[in-house]
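Report on one structure; see the data block that follows.
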Amino acid sequence: QAPKEAPQAATRLPPASSVDYTKSAFPWTAEIAKTAKDIWGVRKWRPGQEGAINATMAGREVVAILPTGGGKSLIFQIPALLAPGTSVIVTPLISLMADQVHGLRSRGIQAEMIHASTSQAEIKDIMARMLGSAGAKGKAKKNTAEVVKLVYVTPERIEKSKTFTNTLQKMYDAGLLTRFVIDEAHCLSTMGHDYRPSFLALQRLKVLFPETPILAVTATAPQNVVSDMLKTLGLPRKTSQGAAAVPGTTVVFSAPLYRPNLRYQVLPKPSSAQAALDAIVDWILEHHTGDTGIIYTLSRADSENITKGINAHEKAKGKLKAAFCEFAIRILESRVIAELQGTDHAYIDDADKQRVHDHWRDKRIHVVVATNASFGLGIDNPNVRYVVHHSLAKSLANFQQESGRAGRDGAPADCVTFWRAADASRLSSLTYETFHSGGKEKLYEVVRFAEDKKTCRKVLFARYFANAYDSSDAYDVKDADSPCGLCDNCQRDPECVSTVDISEPAYRALRIIEAAIAQRGTLTLPQAADLVRGLGGGTYSTQEAKGKGKGKVDVKTVAGGKVTLSKDETEQMLLQLLVDSYLKEDFHATAYSVTSYLQPASKALRITRLSPDDFASTGLPITLEMDVLVKSNARKKRKASVDDKPEAVARKKAKKAVELEVSSDL
Ligand code: ADP
Ligand code: MG
Ligand code: ZN
């Protein structure tokens with residue numbers, strides 16, 4: 001049964017126009033600042049924190065989207081301390097709640113967690129303390145010091161435990177149910193990447209406890225995920241931004257996802273698997289010997305091969321040890337499964353698997369190799385100094401989330417993507433199922449990001465997320481437009497990038513591909529690149545014979561000649577024609593694999609209708625351009641920048657970070 005639209009805090013709010021929660025003048029302003037300073041040593045708010053605290057303190061329904069490591073926990077921990085009752089924090093993983101409860105207790109705060117391994121006696125005691133004075137009528141007020149300020153539970157607890165719900169009901173009636181917090185709230189949405197069905201039980205909260213405000217926090221939630229979240233929770237679907245929060249709406253805070261300590265760069269990926277592995281090992285050893293990192297790959301098989309490759313690598317011996325992530329994933333998964341099944345065995349008996357995770361945390365294993373999708377949620381290691389993408393992520397949102405696992409402690413960290421144009425076909429094959437329902441656009445966005453050699457990475461992210469949120473408020477646009485000064489594109493000497501006119505090679509390539517397709521040829525992107533460069537005498541495989549038959553294009557008559565760019569440049573050009581819709585992808589699926597073949601798209605006709613003679617005499621009606629690295633120069637410059645610049649910049653950044661946050665507990 002769908003929850004009713006919340007009657008909501010509207011009655012408690014001024015009926016007037018909008019409120020600006022980002023401004024400091026509220027009755028609790030001094031108190032929250034003092035609490036932050038005294039208990040956490042935090043003297044300066046991070047973007048989004050203060051506004052979100054103000055809005056939730058005011059009893060509003062709040063969604064806070066702040067980057068990983070952005071300080072989402074303080075948003076509910078501080079208000080929890082200042083209220084007489086208990087805040088209930090719904091968290092997807094026991095490891096996450098254990099970390100938080102441990103941290104809070106070390107600061108002398110009454111925090112508890114209830115999960116499958118908690119004994120009945122403990123649960124009983126915790127619930128009694130949640131009820132506090134309401135449970136034991138007439139007790140002196142000083143006993144409220146023992147009232148549990150924060151109780152962490154899994155969604156399964158709300159879904160399945162009647163006693164727990166009854167306790168909440170009593171607290172609610174006594175006015176002691178301060179707020180519900182949904183951590184990692186994107187788990188609520190089937191459209192999110194970590195959907196957890198048990199989160200659906202949370203739709204009950206607004207029905208049973210309409211007056212208790214909800215605060216949902218997450219690091220990644222594009223517009224569609226946010227509205228899905230709101231629908232499930234039964235919160236007002238109309239949203240307004242924290243700086244202009246309108247009564248009756250859900251107040252949304254989104255801080256810039258930009259993290260100044262992360263240095264983004266895209267590096268060329270050699271074409272053979274071994275050479276790509278060598279390049280990664282070299283890069284890690286050169287920049288991060290002894291550091292902790294993550295390598296993201298596209299498939300389990302890739303992860304396994306890379307792990308074995310690193311551990312057997314001559315240069316890596318004694319310096320770099322890798323572990324395949326599925327172990328680590330299983331630790332986290334097994335906890336969730338144990339939770340779901342109401343058993344505690346997996347949580348305790350998985351010592352072996354736990355050890356892999358622990359070894360990574362204490363640096364006996366340096367790098368965890370993981371598939372893009374699976375190793376993410378629950379990674380709470382703050383010292384990750386680098387995240388390497390062995391292949392591009394499937395979307396910029398995924399990329400932002402995955403690379404955001406680096407540098408959670410605020411110290412400089414590297415986010416490096418190894419990229420070659422030919423990887424795009426593999427990516428689209430993997431996103432094949434969703435390709436025509438949004439997957440294509442997402443993929444081409446991230447491809448453009450990887451291909452961009454001029455625009456600051458931070459600016460590229462900002463533009464993307466500003467569009468995704470469909471609101472310029474979601475981003476501080478002024479700030480978003482200023483380059484980071486740290487990424488590869490900011491540090492690259494502009495002379496290393498040259499914009500070349502590719503009208504002629506593009507014309508030739510499209511004519512040749514069109515001729516091959518007209519004769520039922522099939523061409524993957526690398527095959528097309530070979531064909532248009534005249535390799536194999538213009539031969540290609542044909543569809544009927546499943547690769548055995550060969551067709552032939554006479555490149556001279558069809559296109560006036562072959563494409564004379566290098567292999568890499570030709571692949572890059574074909575990719576650009578693809579993302580610019582001159583080419584399109586056609587998928588052939590078998591039971592075991594999906595292959596992406598290139599085909600001319602209708603837009604190509606504008607170009608291919610010209611005969612070679614017409615083209616020779618008049619040229620294309622449009623100019624096609626592509627940015628290429630001017631190699632010799634680039635290599636020299638890049639080496640120079642690697643040698644001195646990053647350290648200097650990192651030092652500067654670190655100093656700035658210290659100035660920004662005089663916090664000592666980081
Ligand atoms: P996330 O947003 O990923 O949940 P956390 O809440 O775990 O991030 O916070 C990450 C770290 O940043 C914690 O160690 C926290 O104490 C610290 N932190 C949070 N807010 C601030 C702040 N305003 N200044 C300094 N440190 C902060
Ligand atoms: Mg968190
Ligand atoms: Zn930059």
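Residue numbering restarts at 1 for every chain of the structure tokens, chains are lettered A, B, ... in their displayed order, and ligands are numbered from 1 as they appear.
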Quiz item: What residues have any atom no more than 10 Å from ligand 2 when counting only C-alpha atoms and all ligand atoms, and can you list them as a ChimeraX atom specification?
Solution: /A:66-74,91,96-97,100,183-184,217-219,377-378,380
Please produce a file of the residues just selected, as a PDB file, in the first residue's frame, where the atoms kept are N, CA and C atoms.
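As a result, result-v7.pdb now contains:
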ATOM      1  N   LEU A  66      25.936  14.808  -0.730  1.00  0.00           N
ATOM      2  CA  LEU A  66      27.280  15.355  -0.535  1.00  0.00           C
ATOM      3  C   LEU A  66      28.294  14.305  -0.945  1.00  0.00           C
ATOM      4  N   PRO A  67      29.441  14.748  -1.443  1.00  0.00           N
ATOM      5  CA  PRO A  67      30.383  13.759  -1.956  1.00  0.00           C
ATOM      6  C   PRO A  67      30.870  12.800  -0.866  1.00  0.00           C
ATOM      7  N   THR A  68      31.373  11.678  -1.311  1.00  0.00           N
ATOM      8  CA  THR A  68      31.984  10.709  -0.418  1.00  0.00           C
ATOM      9  C   THR A  68      33.066  11.408   0.397  1.00  0.00           C
ATOM     10  N   GLY A  69      33.042  11.239   1.696  1.00  0.00           N
ATOM     11  CA  GLY A  69      34.010  11.914   2.553  1.00  0.00           C
ATOM     12  C   GLY A  69      33.641  13.360   2.834  1.00  0.00           C
ATOM     13  N   GLY A  70      32.465  13.784   2.368  1.00  0.00           N
ATOM     14  CA  GLY A  70      32.064  15.182   2.508  1.00  0.00           C
ATOM     15  C   GLY A  70      31.550  15.529   3.895  1.00  0.00           C
ATOM     16  N   GLY A  71      31.401  14.504   4.743  1.00  0.00           N
ATOM     17  CA  GLY A  71      30.968  14.773   6.115  1.00  0.00           C
ATOM     18  C   GLY A  71      29.469  14.646   6.310  1.00  0.00           C
ATOM     19  N   LYS A  72      28.878  13.655   5.682  1.00  0.00           N
ATOM     20  CA  LYS A  72      27.428  13.480   5.809  1.00  0.00           C
ATOM     21  C   LYS A  72      27.029  13.057   7.218  1.00  0.00           C
ATOM     22  N   SER A  73      27.908  12.316   7.898  1.00  0.00           N
ATOM     23  CA  SER A  73      27.521  11.814   9.227  1.00  0.00           C
ATOM     24  C   SER A  73      27.262  12.948  10.216  1.00  0.00           C
ATOM     25  N   LEU A  74      28.082  13.981  10.179  1.00  0.00           N
ATOM     26  CA  LEU A  74      27.892  15.085  11.141  1.00  0.00           C
ATOM     27  C   LEU A  74      26.520  15.727  10.992  1.00  0.00           C
ATOM     28  N   THR A  91      21.057   2.020   8.113  1.00  0.00           N
ATOM     29  CA  THR A  91      22.323   1.869   7.403  1.00  0.00           C
ATOM     30  C   THR A  91      22.352   0.513   6.710  1.00  0.00           C
ATOM     31  N   LEU A  96      29.553  -0.450   8.183  1.00  0.00           N
ATOM     32  CA  LEU A  96      29.403   1.008   8.235  1.00  0.00           C
ATOM     33  C   LEU A  96      28.894   1.460   9.595  1.00  0.00           C
ATOM     34  N   MET A  97      27.907   0.741  10.127  1.00  0.00           N
ATOM     35  CA  MET A  97      27.378   1.186  11.429  1.00  0.00           C
ATOM     36  C   MET A  97      28.389   0.936  12.540  1.00  0.00           C
ATOM     37  N   GLN A 100      30.814   3.806  12.700  1.00  0.00           N
ATOM     38  CA  GLN A 100      30.251   5.042  13.248  1.00  0.00           C
ATOM     39  C   GLN A 100      30.022   4.937  14.746  1.00  0.00           C
ATOM     40  N   ASP A 183      20.913   6.510   5.703  1.00  0.00           N
ATOM     41  CA  ASP A 183      22.274   6.677   5.175  1.00  0.00           C
ATOM     42  C   ASP A 183      22.380   5.849   3.896  1.00  0.00           C
ATOM     43  N   GLU A 184      23.233   6.282   2.967  1.00  0.00           N
ATOM     44  CA  GLU A 184      23.362   5.595   1.675  1.00  0.00           C
ATOM     45  C   GLU A 184      21.967   5.435   1.043  1.00  0.00           C
ATOM     46  N   VAL A 217      20.527  10.768   3.260  1.00  0.00           N
ATOM     47  CA  VAL A 217      21.831  11.246   2.793  1.00  0.00           C
ATOM     48  C   VAL A 217      22.466  10.222   1.850  1.00  0.00           C
ATOM     49  N   THR A 218      23.143  10.729   0.848  1.00  0.00           N
ATOM     50  CA  THR A 218      23.816   9.870  -0.126  1.00  0.00           C
ATOM     51  C   THR A 218      24.875  10.681  -0.862  1.00  0.00           C
ATOM     52  N   ALA A 219      25.779   9.969  -1.504  1.00  0.00           N
ATOM     53  CA  ALA A 219      26.807  10.663  -2.286  1.00  0.00           C
ATOM     54  C   ALA A 219      26.431  10.763  -3.753  1.00  0.00           C
ATOM     55  N   LEU A 377      30.203   0.292  -2.235  1.00  0.00           N
ATOM     56  CA  LEU A 377      29.488   0.527  -0.996  1.00  0.00           C
ATOM     57  C   LEU A 377      30.199  -0.176   0.150  1.00  0.00           C
ATOM     58  N   GLY A 378      30.470   0.555   1.200  1.00  0.00           N
ATOM     59  CA  GLY A 378      31.057  -0.090   2.364  1.00  0.00           C
ATOM     60  C   GLY A 378      32.565   0.019   2.401  1.00  0.00           C
ATOM     61  N   ASP A 380      35.389   1.811   3.418  1.00  0.00           N
ATOM     62  CA  ASP A 380      35.521   2.938   4.347  1.00  0.00           C
ATOM     63  C   ASP A 380      36.980   3.167   4.686  1.00  0.00           C
TER      64      ASP A 380
END
Quiz item: Counting only C-alpha atoms, what is within 7 Å of Arg263 (chain A), bar same-chain residues fewer than 6 positions away, as number ranges by chain?
Solution: A: 413-415, 486-487
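Counting only C-alpha atoms, the residue from A:Ile512, A:Leu598, A:Leu427, A:Ala316 that sits nearest to Asp586 (chain A) is A:Leu598.
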Quiz prompt | Option closest in space to ligand 3, from A:Gln491, A:Ser391, A:Ser117, A:Ser106 [counting only C-alpha atoms and all ligand atoms] | solution =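 Closest to ligand 3 of all the choices is A:Gln491.
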Quiz item: How would you write, as a PyMOL selection string, the set of residues no farther than 10 Å from ligand 3 when counting only C-alpha atoms and all ligand atoms?
Solution: chain A and resi 260+263-265+454-460+482-492
Take the selection from the previous step and output its residues with C-alpha atoms, as a PDB file, in the first residue's frame.
ATOM      1  CA  PRO A 260      40.138  19.483  -4.322  1.00  0.00           C
ATOM      2  CA  ARG A 263      43.935  14.686  -9.142  1.00  0.00           C
ATOM      3  CA  TYR A 264      42.198  13.346 -12.244  1.00  0.00           C
ATOM      4  CA  GLN A 265      44.059  12.169 -15.296  1.00  0.00           C
ATOM      5  CA  LYS A 454      41.681  20.459 -23.066  1.00  0.00           C
ATOM      6  CA  THR A 455      38.889  21.062 -20.563  1.00  0.00           C
ATOM      7  CA  CYS A 456      39.535  20.843 -16.834  1.00  0.00           C
ATOM      8  CA  ARG A 457      38.160  17.556 -15.459  1.00  0.00           C
ATOM      9  CA  LYS A 458      36.441  19.397 -12.641  1.00  0.00           C
ATOM     10  CA  VAL A 459      34.650  21.641 -15.117  1.00  0.00           C
ATOM     11  CA  LEU A 460      33.595  18.600 -17.176  1.00  0.00           C
ATOM     12  CA  SER A 482      37.055  27.751 -12.421  1.00  0.00           C
ATOM     13  CA  PRO A 483      39.629  25.134 -13.425  1.00  0.00           C
ATOM     14  CA  CYS A 484      41.151  22.939 -10.724  1.00  0.00           C
ATOM     15  CA  GLY A 485      44.747  23.561 -11.764  1.00  0.00           C
ATOM     16  CA  LEU A 486      45.650  20.012 -10.829  1.00  0.00           C
ATOM     17  CA  CYS A 487      44.194  17.634 -13.420  1.00  0.00           C
ATOM     18  CA  ASP A 488      45.957  16.428 -16.568  1.00  0.00           C
ATOM     19  CA  ASN A 489      44.177  18.930 -18.783  1.00  0.00           C
ATOM     20  CA  CYS A 490      44.990  21.841 -16.483  1.00  0.00           C
ATOM     21  CA  GLN A 491      48.631  20.841 -16.277  1.00  0.00           C
ATOM     22  CA  ARG A 492      49.099  19.985 -19.914  1.00  0.00           C
TER      23      ARG A 492
END
Exercise. Do a neighbour search on His436 (chain A) at 12 Å with only C-alpha atoms, toss out local chain neighbours closer than 5 positions, and write the hits as a VMD selection string.
Key: chain A and resid 428 to 429 431 441 to 443 584 to 587
Self-check item: Selection: 10 Å around Trp28 (chain A), only C-alpha atoms, excl. self and same-chain fewer than 3 positions, as a list in words
Solution: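 Near neighbours after the sequence-gap exclusion: Ser24, Ala25, Glu31, Ile32, Ala33, Lys34, Ile53, Asn54, Met57, Ala58, Pro79 and Leu82 of chain A.
Omitting Arg361 (chain A) and its sequence neighbours fewer than 3 positions away, and counting only C-alpha atoms, the residues within 8 Å are Thr292, His357, Asp358, Arg364, Ile365 and Asn381 of chain A.
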Next, write the just-selected residues to a file, as a PDB file, in the first residue's frame, keeping C-alpha atoms as the atom set.
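Output saved as result-v2.pdb:
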ATOM      1  CA  THR A 292      46.957   1.678  -0.753  1.00  0.00           C
ATOM      2  CA  HIS A 357      39.940  -6.672   3.805  1.00  0.00           C
ATOM      3  CA  ASP A 358      42.011  -6.105   6.939  1.00  0.00           C
ATOM      4  CA  ARG A 364      49.893  -6.047   3.621  1.00  0.00           C
ATOM      5  CA  ILE A 365      47.908  -5.977   0.414  1.00  0.00           C
ATOM      6  CA  ASN A 381      39.298   2.927   4.053  1.00  0.00           C
TER       7      ASN A 381
END
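Restricting the calculation to only C-alpha atoms, the smallest distance between Arg43 (chain A) and any of A:Leu188, A:Ala30, A:Leu230, A:Val63 is found for A:Ala30.
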Self-check item: All strand (DSSP E or B) positions in region 113-342 of chain A, as number ranges by chain
Solution: A: 113-114, 150-153, 177-182, 214-218, 239-241, 245, 250-254, 262-268, 292-297, 322-324
Practice problem: For each of A:Thr35, A:Ser271, A:Thr239, A:Thr564, take the minimum atom-to-atom distance to ligand 1, counting only C-alpha atoms and all ligand atoms, then give the residue where this is smallest. | Solution: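 Answer, going by the shortest atom-to-atom distance: A:Thr35.
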Contacts of Arg107 (chain A) at 12 Å or less, counting only C-alpha atoms, minus same-chain residues fewer than 5 places along, as a PDB file with C-alpha atoms, in the first residue's frame?
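around26.pdb was written with the following content:
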ATOM      1  CA  THR A  35      29.168  20.960  19.549  1.00  0.00           C
ATOM      2  CA  ALA A  36      31.096  20.563  16.290  1.00  0.00           C
ATOM      3  CA  ASP A  38      34.085  20.616  21.272  1.00  0.00           C
ATOM      4  CA  ILE A  39      33.237  17.080  20.262  1.00  0.00           C
ATOM      5  CA  TRP A  40      34.664  16.746  16.762  1.00  0.00           C
ATOM      6  CA  GLY A  41      37.245  19.510  16.653  1.00  0.00           C
ATOM      7  CA  GLN A  77      25.108  13.232  14.492  1.00  0.00           C
ATOM      8  CA  LEU A  81      23.003  15.210  20.319  1.00  0.00           C
ATOM      9  CA  GLN A 100      30.251   5.042  13.248  1.00  0.00           C
ATOM     10  CA  VAL A 101      29.175   3.635  16.600  1.00  0.00           C
ATOM     11  CA  HIS A 102      32.794   3.051  17.523  1.00  0.00           C
ATOM     12  CA  ASP A 665      40.971  14.567  14.138  1.00  0.00           C
TER      13      ASP A 665
END
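For Asn311 (chain A), the residues within 8 Å (counting only C-alpha atoms, excluding itself and residues fewer than 2 positions away along the chain) are A:Thr307, A:Lys308, A:Gly309, A:His313, A:Ala316, A:Lys317, A:Leu320, A:Lys321, A:Ala322.
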Self-check item: Residue with smallest distance to Thr522 (chain A) - pool A:Arg448, A:Lys550, A:His389, A:Lys170, counting only C-alpha atoms
Solution: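 Distance minimum relative to Thr522 (chain A) lands on A:Lys550.
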Quiz item: Rounded to one decimal in Å, what is the spacing between CA of Glu569 (chain A) and CA of Val628 (chain A)?
Solution: 7.6 Å
Quiz item: Which is closer to ligand 1 than all the others in A:Val153, A:Ile158, A:Ala185, A:Ala397, using only C-alpha atoms and all ligand atoms?
Solution: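 Smallest distance to ligand 1 is found for A:Ala185.
A straight line drawn from CA of Gly242 (chain A) to CA of Phe199 (chain A) is 25.5 Å long.
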